[in-house]
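Worksheet: the structure to be examined is printed underneath.
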Amino acid sequence: GQQVQQSPASLVLQEGENAELQCNFSSTATQLQWFYQRPGGSLVSLLYNPSGTKHTGRLTSTTVTKERRSSLHISSSQITDSGTYFCAPSNTGYQNFYFGKGTSLTVIP
Amino acid sequence: EAAVTQSPRSKVAVTGGKVTLSCHQTNNHDYMYWYRQDTGHGLRLIHYSYVADSTEKGDIPDGYKASRPSQENFSLILELASLSQTAVYFCASSEQNYEQYFGPGTRLTVL
(Lines give C-alpha, C1' and ligand atoms only; values in the text may rest on other atoms or scores of the structure.)
Protein backbone atom coordinates (compact mmCIF):
# COMPACT_ATOMS: atom_id res chain seq x y z
CA GLY A 1 0.00 0.00 0.00
CA GLN A 2 0.90 3.61 0.52
CA GLN A 3 1.49 5.77 3.55
CA VAL A 4 0.68 9.38 2.75
CA GLN A 5 1.78 12.25 4.94
CA GLN A 6 0.45 15.73 4.32
CA SER A 7 1.75 18.88 5.90
CA PRO A 8 0.87 21.14 7.45
CA ALA A 9 -2.22 19.57 9.01
CA SER A 10 -3.84 22.98 9.14
CA LEU A 11 -3.04 26.41 7.83
CA VAL A 12 -4.54 29.85 8.37
CA LEU A 13 -3.82 32.57 5.85
CA GLN A 14 -4.91 36.10 5.25
CA GLU A 15 -6.60 36.70 1.96
CA GLY A 16 -4.02 37.33 -0.74
CA GLU A 17 -1.26 35.25 0.84
CA ASN A 18 0.18 32.21 -0.85
CA ALA A 19 -0.08 28.63 0.45
CA GLU A 20 2.31 25.74 0.05
CA LEU A 21 0.96 22.26 0.80
CA GLN A 22 3.23 19.25 0.98
CA CYS A 23 2.62 15.58 0.37
CA ASN A 24 5.08 12.75 0.98
CA PHE A 25 4.36 9.13 0.24
CA SER A 26 6.06 5.86 1.03
CA SER A 27 6.04 3.98 -2.29
CA THR A 28 6.55 4.79 -5.93
CA ALA A 29 3.45 6.28 -7.47
CA THR A 30 2.52 6.33 -11.12
CA GLN A 31 -0.52 8.48 -10.54
CA LEU A 32 -1.20 11.36 -8.21
CA GLN A 33 -4.20 13.57 -7.80
CA TRP A 34 -4.93 16.62 -5.63
CA PHE A 35 -8.48 17.08 -4.39
CA TYR A 36 -10.38 19.82 -2.64
CA GLN A 37 -13.26 19.28 -0.25
CA ARG A 38 -15.52 21.80 1.43
CA PRO A 39 -16.76 20.86 4.88
CA GLY A 40 -19.40 18.19 4.36
CA GLY A 41 -18.95 18.44 0.63
CA SER A 42 -17.92 16.27 -2.24
CA LEU A 43 -14.42 15.99 -3.62
CA VAL A 44 -13.37 18.18 -6.46
CA SER A 45 -10.40 17.14 -8.54
CA LEU A 46 -7.93 20.00 -8.70
CA LEU A 47 -4.97 18.59 -10.56
CA TYR A 48 -3.90 15.23 -11.90
CA ASN A 49 -0.12 15.33 -11.70
CA PRO A 50 1.86 12.09 -11.61
CA SER A 51 5.13 13.86 -12.43
CA GLY A 52 6.56 17.27 -13.20
CA THR A 53 4.79 20.59 -12.83
CA LYS A 54 1.21 21.34 -13.74
CA HIS A 55 -0.70 24.62 -13.55
CA THR A 56 -4.34 25.49 -13.49
CA GLY A 57 -5.50 28.96 -12.58
CA ARG A 58 -3.92 29.93 -9.27
CA LEU A 59 -2.80 26.37 -8.56
CA THR A 60 0.59 24.85 -9.29
CA SER A 61 1.52 21.28 -8.46
CA THR A 62 5.02 19.85 -8.59
CA THR A 63 5.55 16.12 -8.23
CA VAL A 64 9.03 14.63 -7.91
CA THR A 65 8.39 10.95 -8.48
CA LYS A 66 11.83 9.67 -7.46
CA GLU A 67 11.65 11.55 -4.17
CA ARG A 68 8.05 10.43 -3.56
CA ARG A 69 6.71 13.88 -2.91
CA SER A 70 4.33 16.40 -4.35
CA SER A 71 3.40 19.95 -3.51
CA LEU A 72 0.46 22.19 -4.21
CA HIS A 73 0.98 25.93 -4.36
CA ILE A 74 -2.01 28.23 -4.12
CA SER A 75 -1.29 31.80 -5.09
CA SER A 76 -3.23 34.85 -3.92
CA SER A 77 -5.50 32.87 -1.63
CA GLN A 78 -9.20 33.74 -1.46
CA ILE A 79 -11.74 33.14 1.26
CA THR A 80 -13.48 30.64 -1.01
CA ASP A 81 -10.29 28.53 -1.03
CA SER A 82 -11.05 27.51 2.54
CA GLY A 83 -11.53 23.78 2.93
CA THR A 84 -9.49 20.60 3.04
CA TYR A 85 -6.94 19.61 0.43
CA PHE A 86 -6.10 15.97 -0.13
CA CYS A 87 -3.18 14.39 -1.89
CA ALA A 88 -3.80 10.91 -3.32
CA PRO A 89 -1.06 8.87 -5.01
CA SER A 90 -1.61 5.50 -6.63
CA ASN A 91 0.85 2.66 -7.17
CA THR A 92 1.83 0.99 -10.42
CA GLY A 93 -0.73 -1.50 -11.66
CA TYR A 94 -3.33 -0.51 -9.11
CA GLN A 95 -6.25 1.82 -9.28
CA ASN A 96 -6.29 2.47 -5.54
CA PHE A 97 -5.66 6.09 -4.76
CA TYR A 98 -4.40 6.36 -1.19
CA PHE A 99 -5.53 9.49 0.57
CA GLY A 100 -3.64 11.49 3.16
CA LYS A 101 -5.48 13.04 6.09
CA GLY A 102 -5.52 16.34 4.29
CA THR A 103 -4.50 19.92 4.97
CA SER A 104 -7.23 22.12 6.37
CA LEU A 105 -6.92 25.61 4.91
CA THR A 106 -8.69 28.63 6.37
CA VAL A 107 -8.45 31.95 4.58
CA ILE A 108 -9.50 34.98 6.60
CA PRO A 109 -10.20 38.54 5.44
CA GLU B 1 -24.93 17.75 -15.58
CA ALA B 2 -23.33 15.64 -12.84
CA ALA B 3 -21.49 12.68 -14.31
CA VAL B 4 -21.40 10.60 -11.11
CA THR B 5 -24.55 10.47 -9.03
CA GLN B 6 -25.28 8.66 -5.80
CA SER B 7 -28.46 7.65 -4.06
CA PRO B 8 -29.61 8.09 -1.45
CA ARG B 9 -27.76 11.23 -0.38
CA SER B 10 -28.33 10.37 3.24
CA LYS B 11 -29.68 7.40 5.10
CA VAL B 12 -30.37 6.30 8.64
CA ALA B 13 -30.22 2.55 9.16
CA VAL B 14 -30.67 0.28 12.13
CA THR B 15 -27.98 -2.05 13.37
CA GLY B 16 -28.29 -5.42 11.69
CA GLY B 17 -30.32 -4.09 8.81
CA LYS B 18 -29.43 -4.25 5.14
CA VAL B 19 -28.30 -1.12 3.34
CA THR B 20 -27.75 -0.62 -0.37
CA LEU B 21 -25.99 2.45 -1.72
CA SER B 22 -26.21 3.11 -5.43
CA CYS B 23 -23.92 4.89 -7.85
CA HIS B 24 -24.49 5.81 -11.48
CA GLN B 25 -21.99 7.31 -13.91
CA THR B 26 -22.39 8.74 -17.37
CA ASN B 27 -18.66 9.14 -18.04
CA ASN B 28 -18.44 5.87 -19.96
CA HIS B 29 -15.61 4.89 -17.62
CA ASP B 30 -14.54 1.31 -17.07
CA TYR B 31 -13.42 1.76 -13.47
CA MET B 32 -15.73 2.49 -10.54
CA TYR B 33 -14.92 2.71 -6.85
CA TRP B 34 -16.46 2.89 -3.43
CA TYR B 35 -14.66 4.79 -0.67
CA ARG B 36 -15.60 5.66 2.86
CA GLN B 37 -14.61 8.78 4.73
CA ASP B 38 -14.63 9.06 8.48
CA THR B 39 -14.73 12.42 10.17
CA GLY B 40 -11.37 14.14 10.03
CA HIS B 41 -9.80 11.58 7.75
CA GLY B 42 -9.10 10.93 4.13
CA LEU B 43 -10.80 8.29 2.04
CA ARG B 44 -10.25 4.55 2.12
CA LEU B 45 -11.07 2.19 -0.71
CA ILE B 46 -13.70 -0.47 -0.01
CA HIS B 47 -14.32 -2.12 -3.39
CA TYR B 48 -13.69 -1.31 -7.00
CA SER B 49 -14.59 -2.71 -10.40
CA TYR B 50 -13.01 -2.46 -13.84
CA VAL B 51 -15.67 -4.31 -15.80
CA ALA B 52 -19.33 -5.12 -15.47
CA ASP B 53 -20.22 -8.24 -13.48
CA SER B 54 -16.88 -8.19 -11.68
CA THR B 55 -15.73 -6.55 -8.47
CA GLU B 56 -12.45 -6.40 -6.58
CA LYS B 57 -11.64 -5.90 -2.92
CA GLY B 58 -9.99 -2.69 -1.82
CA ASP B 59 -8.25 -2.00 1.45
CA ILE B 60 -11.23 -2.34 3.81
CA PRO B 61 -13.76 -4.76 2.24
CA ASP B 62 -14.89 -6.53 5.42
CA GLY B 63 -18.59 -6.05 6.06
CA TYR B 64 -19.26 -4.80 2.54
CA LYS B 65 -20.27 -6.36 -0.75
CA ALA B 66 -20.30 -4.71 -4.15
CA SER B 67 -22.24 -5.28 -7.33
CA ARG B 68 -21.55 -4.00 -10.86
CA PRO B 69 -24.50 -5.07 -13.01
CA SER B 70 -23.60 -2.69 -15.85
CA GLN B 71 -20.86 -0.29 -16.85
CA GLU B 72 -22.91 2.62 -15.52
CA ASN B 73 -24.01 1.23 -12.18
CA PHE B 74 -22.12 0.17 -9.08
CA SER B 75 -23.73 -0.65 -5.74
CA LEU B 76 -22.36 -1.05 -2.25
CA ILE B 77 -24.22 -3.46 0.01
CA LEU B 78 -24.06 -3.68 3.78
CA GLU B 79 -25.77 -6.97 4.63
CA LEU B 80 -25.68 -6.43 8.39
CA ALA B 81 -25.09 -2.77 9.12
CA SER B 82 -23.06 -1.98 12.20
CA LEU B 83 -22.41 1.17 14.19
CA SER B 84 -18.81 1.27 12.92
CA GLN B 85 -20.09 1.68 9.36
CA THR B 86 -21.42 5.14 10.08
CA ALA B 87 -19.51 7.30 7.61
CA VAL B 88 -19.77 9.23 4.38
CA TYR B 89 -19.50 7.01 1.31
CA PHE B 90 -18.16 8.25 -2.00
CA CYS B 91 -18.41 6.65 -5.38
CA ALA B 92 -15.97 7.51 -8.16
CA SER B 93 -15.26 6.57 -11.75
CA SER B 94 -12.20 6.73 -13.98
CA GLU B 95 -10.47 5.36 -16.99
CA GLN B 96 -7.43 3.22 -16.22
CA ASN B 97 -4.49 5.37 -15.19
CA TYR B 98 -6.42 8.57 -15.39
CA GLU B 99 -7.96 10.88 -12.83
CA GLN B 100 -10.95 9.90 -10.75
CA TYR B 101 -14.26 11.75 -10.70
CA PHE B 102 -16.31 11.62 -7.52
CA GLY B 103 -19.99 11.65 -6.72
CA PRO B 104 -21.50 13.93 -4.07
CA GLY B 105 -21.37 11.34 -1.30
CA THR B 106 -23.90 9.47 0.83
CA ARG B 107 -24.05 10.16 4.54
CA LEU B 108 -24.90 6.92 6.33
CA THR B 109 -25.82 6.84 9.99
CA VAL B 110 -26.27 3.47 11.65
CA LEU B 111 -28.17 3.53 14.94
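In the C-alpha coordinates, chains take letters A, B, ... by order of appearance, with residues numbered from 1 within each chain and ligands from 1 in the order shown.
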Exercise for review: Name the residues of region 10-86 of chain B that come out as strand (DSSP E or B) in a backbone DSSP run; write them as number ranges by chain.
Suggested key: B: 10-13, 19-25, 31-37, 43-51, 54-57, 65-67, 73-78
| request: Give me the residues within 7 Å of Ile46 (chain B) as a list in words, counting only C-alpha atoms and dropping any in the same chain fewer than 4 places off. | output: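 Non-adjacent residues within range: Trp34, Tyr35, Lys57, Gly58, Asp59, Ile60 and Pro61 of chain B.
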Practice problem: Find the residues of chain A in contact range of chain B, meaning any atom within 9 Å when counting only C-alpha atoms, and list them as a PyMOL selection string. | Solution: chain A and resi 1+30-33+40-45+47-48+86+93-102
For the residues in that selection, give me N, CA and C atoms as a PDB file, in the first residue's frame.
```pdb
ATOM      1  N   GLY A   1       0.811  -1.203   0.000  1.00  0.00           N
ATOM      2  CA  GLY A   1       0.000   0.000   0.000  1.00  0.00           C
ATOM      3  C   GLY A   1       0.840   1.246   0.000  1.00  0.00           C
ATOM      4  N   THR A  30       2.605   5.996  -9.698  1.00  0.00           N
ATOM      5  CA  THR A  30       2.520   6.325 -11.123  1.00  0.00           C
ATOM      6  C   THR A  30       1.382   7.292 -11.410  1.00  0.00           C
ATOM      7  N   GLN A  31       0.562   7.509 -10.413  1.00  0.00           N
ATOM      8  CA  GLN A  31      -0.523   8.480 -10.540  1.00  0.00           C
ATOM      9  C   GLN A  31      -0.571   9.307  -9.264  1.00  0.00           C
ATOM     10  N   LEU A  32      -1.016  10.537  -9.397  1.00  0.00           N
ATOM     11  CA  LEU A  32      -1.204  11.364  -8.213  1.00  0.00           C
ATOM     12  C   LEU A  32      -2.233  12.440  -8.524  1.00  0.00           C
ATOM     13  N   GLN A  33      -3.140  12.603  -7.606  1.00  0.00           N
ATOM     14  CA  GLN A  33      -4.200  13.572  -7.796  1.00  0.00           C
ATOM     15  C   GLN A  33      -4.321  14.426  -6.540  1.00  0.00           C
ATOM     16  N   GLY A  40     -18.166  18.909   4.676  1.00  0.00           N
ATOM     17  CA  GLY A  40     -19.397  18.195   4.363  1.00  0.00           C
ATOM     18  C   GLY A  40     -19.677  18.066   2.888  1.00  0.00           C
ATOM     19  N   GLY A  41     -18.707  18.423   2.065  1.00  0.00           N
ATOM     20  CA  GLY A  41     -18.952  18.441   0.634  1.00  0.00           C
ATOM     21  C   GLY A  41     -18.294  17.302  -0.109  1.00  0.00           C
ATOM     22  N   SER A  42     -18.513  17.292  -1.382  1.00  0.00           N
ATOM     23  CA  SER A  42     -17.922  16.265  -2.235  1.00  0.00           C
ATOM     24  C   SER A  42     -16.494  16.663  -2.589  1.00  0.00           C
ATOM     25  N   LEU A  43     -15.805  15.744  -3.233  1.00  0.00           N
ATOM     26  CA  LEU A  43     -14.416  15.990  -3.619  1.00  0.00           C
ATOM     27  C   LEU A  43     -14.354  16.537  -5.028  1.00  0.00           C
ATOM     28  N   VAL A  44     -13.575  17.566  -5.161  1.00  0.00           N
ATOM     29  CA  VAL A  44     -13.366  18.184  -6.464  1.00  0.00           C
ATOM     30  C   VAL A  44     -11.933  17.933  -6.875  1.00  0.00           C
ATOM     31  N   SER A  45     -11.748  17.374  -8.049  1.00  0.00           N
ATOM     32  CA  SER A  45     -10.395  17.143  -8.539  1.00  0.00           C
ATOM     33  C   SER A  45      -9.773  18.467  -8.949  1.00  0.00           C
ATOM     34  N   LEU A  47      -6.042  18.839  -9.606  1.00  0.00           N
ATOM     35  CA  LEU A  47      -4.966  18.586 -10.559  1.00  0.00           C
ATOM     36  C   LEU A  47      -4.649  17.102 -10.555  1.00  0.00           C
ATOM     37  N   TYR A  48      -4.420  16.579 -11.739  1.00  0.00           N
ATOM     38  CA  TYR A  48      -3.896  15.225 -11.896  1.00  0.00           C
ATOM     39  C   TYR A  48      -2.452  15.398 -12.320  1.00  0.00           C
ATOM     40  N   PHE A  86      -6.597  17.327  -0.244  1.00  0.00           N
ATOM     41  CA  PHE A  86      -6.096  15.970  -0.128  1.00  0.00           C
ATOM     42  C   PHE A  86      -5.142  15.654  -1.276  1.00  0.00           C
ATOM     43  N   GLY A  93       0.102  -0.315 -11.464  1.00  0.00           N
ATOM     44  CA  GLY A  93      -0.729  -1.496 -11.656  1.00  0.00           C
ATOM     45  C   GLY A  93      -1.996  -1.516 -10.830  1.00  0.00           C
ATOM     46  N   TYR A  94      -2.140  -0.553  -9.943  1.00  0.00           N
ATOM     47  CA  TYR A  94      -3.333  -0.515  -9.110  1.00  0.00           C
ATOM     48  C   TYR A  94      -4.158   0.711  -9.448  1.00  0.00           C
ATOM     49  N   GLN A  95      -5.389   0.663  -9.093  1.00  0.00           N
ATOM     50  CA  GLN A  95      -6.249   1.817  -9.277  1.00  0.00           C
ATOM     51  C   GLN A  95      -6.666   2.381  -7.930  1.00  0.00           C
ATOM     52  N   ASN A  96      -5.940   2.008  -6.872  1.00  0.00           N
ATOM     53  CA  ASN A  96      -6.286   2.467  -5.541  1.00  0.00           C
ATOM     54  C   ASN A  96      -5.538   3.751  -5.222  1.00  0.00           C
ATOM     55  N   PHE A  97      -6.245   4.838  -5.177  1.00  0.00           N
ATOM     56  CA  PHE A  97      -5.660   6.093  -4.756  1.00  0.00           C
ATOM     57  C   PHE A  97      -5.679   6.130  -3.228  1.00  0.00           C
ATOM     58  N   TYR A  98      -4.507   6.291  -2.640  1.00  0.00           N
ATOM     59  CA  TYR A  98      -4.398   6.360  -1.192  1.00  0.00           C
ATOM     60  C   TYR A  98      -4.435   7.818  -0.768  1.00  0.00           C
ATOM     61  N   PHE A  99      -5.342   8.109   0.148  1.00  0.00           N
ATOM     62  CA  PHE A  99      -5.530   9.494   0.566  1.00  0.00           C
ATOM     63  C   PHE A  99      -4.780   9.804   1.851  1.00  0.00           C
ATOM     64  N   GLY A 100      -4.167  10.995   1.900  1.00  0.00           N
ATOM     65  CA  GLY A 100      -3.644  11.494   3.157  1.00  0.00           C
ATOM     66  C   GLY A 100      -4.789  12.011   4.009  1.00  0.00           C
ATOM     67  N   LYS A 101      -4.452  12.512   5.202  1.00  0.00           N
ATOM     68  CA  LYS A 101      -5.476  13.044   6.091  1.00  0.00           C
ATOM     69  C   LYS A 101      -5.885  14.464   5.713  1.00  0.00           C
ATOM     70  N   GLY A 102      -5.133  15.038   4.797  1.00  0.00           N
ATOM     71  CA  GLY A 102      -5.524  16.344   4.294  1.00  0.00           C
ATOM     72  C   GLY A 102      -4.892  17.507   5.021  1.00  0.00           C
TER      73      GLY A 102
END
```
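The gap separating CA of Leu59 (chain A) from CA of Leu13 (chain A) is 15.7 Å, in Å to one decimal.
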Practice task
For each of A:Tyr85, A:Ser75, A:Thr80, A:Arg38, take the minimum atom-to-atom distance to His55 (chain A), counting only C-alpha atoms, then give the residue where this is smallest.
Solution key: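 The answer is A:Ser75, which sits nearest to His55 (chain A).
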Would you pick out the contacts of Pro109 (chain A) at 9 Å or less, using only C-alpha atoms, so that residues sharing its chain but fewer than 5 positions from it are not included, and give the list as a PDB file with N, CA, C and O atoms, in the first residue's frame?
```
ATOM      1  N   LEU A  13      -4.432  31.519   6.643  1.00  0.00           N
ATOM      2  CA  LEU A  13      -3.822  32.571   5.847  1.00  0.00           C
ATOM      3  C   LEU A  13      -4.732  33.779   5.794  1.00  0.00           C
ATOM      4  O   LEU A  13      -5.965  33.643   5.880  1.00  0.00           O
ATOM      5  N   GLN A  14      -4.107  34.920   5.562  1.00  0.00           N
ATOM      6  CA  GLN A  14      -4.908  36.098   5.245  1.00  0.00           C
ATOM      7  C   GLN A  14      -5.132  36.117   3.747  1.00  0.00           C
ATOM      8  O   GLN A  14      -4.269  35.669   2.959  1.00  0.00           O
ATOM      9  N   GLU A  15      -6.260  36.623   3.376  1.00  0.00           N
ATOM     10  CA  GLU A  15      -6.604  36.701   1.965  1.00  0.00           C
ATOM     11  C   GLU A  15      -5.466  37.377   1.198  1.00  0.00           C
ATOM     12  O   GLU A  15      -4.936  38.410   1.610  1.00  0.00           O
ATOM     13  N   GLY A  16      -5.098  36.778   0.086  1.00  0.00           N
ATOM     14  CA  GLY A  16      -4.022  37.333  -0.737  1.00  0.00           C
ATOM     15  C   GLY A  16      -2.675  36.655  -0.528  1.00  0.00           C
ATOM     16  O   GLY A  16      -1.786  36.764  -1.381  1.00  0.00           O
ATOM     17  N   GLN A  78      -7.895  33.089  -1.619  1.00  0.00           N
ATOM     18  CA  GLN A  78      -9.196  33.745  -1.461  1.00  0.00           C
ATOM     19  C   GLN A  78      -9.991  33.025  -0.379  1.00  0.00           C
ATOM     20  O   GLN A  78      -9.742  31.861  -0.081  1.00  0.00           O
ATOM     21  N   ILE A  79     -10.941  33.719   0.193  1.00  0.00           N
ATOM     22  CA  ILE A  79     -11.745  33.139   1.262  1.00  0.00           C
ATOM     23  C   ILE A  79     -12.418  31.853   0.796  1.00  0.00           C
ATOM     24  O   ILE A  79     -12.544  30.878   1.547  1.00  0.00           O
TER      25      ILE A  79
END
```
**OP:** Find the residues near Thr60 (chain A): any atom within 6 Å, counting only C-alpha atoms, skip ones fewer than 5 places away on the same chain, and give them as a list in words.
**Re:**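 Using only C-alpha atoms, the neighbours found are Lys54, His55, Leu72 and His73 of chain A.
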**A:Ser51, A:Thr103, A:Ser90, A:Ser77 ranked by distance to Leu11 (chain A), top pick (using only C-alpha atoms)** =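 Answer, going by the shortest atom-to-atom distance: A:Thr103.
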One number please: CA of Ser75 (chain B) to CA of His24 (chain B), in Å, one decimal.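 CA of His24 (chain B) lies 8.7 Å from CA of Ser75 (chain B).
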Given only C-alpha atoms as the counted atoms, nearest of B:Leu83, B:Val19, B:Cys91, B:Val51 to Lys65 (chain B)
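Using only C-alpha atoms, the shortest distance to Lys65 (chain B) belongs to B:Val19.
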CA of Asn24 (chain A) to CA of Gly52 (chain A) measures 15.0 Å
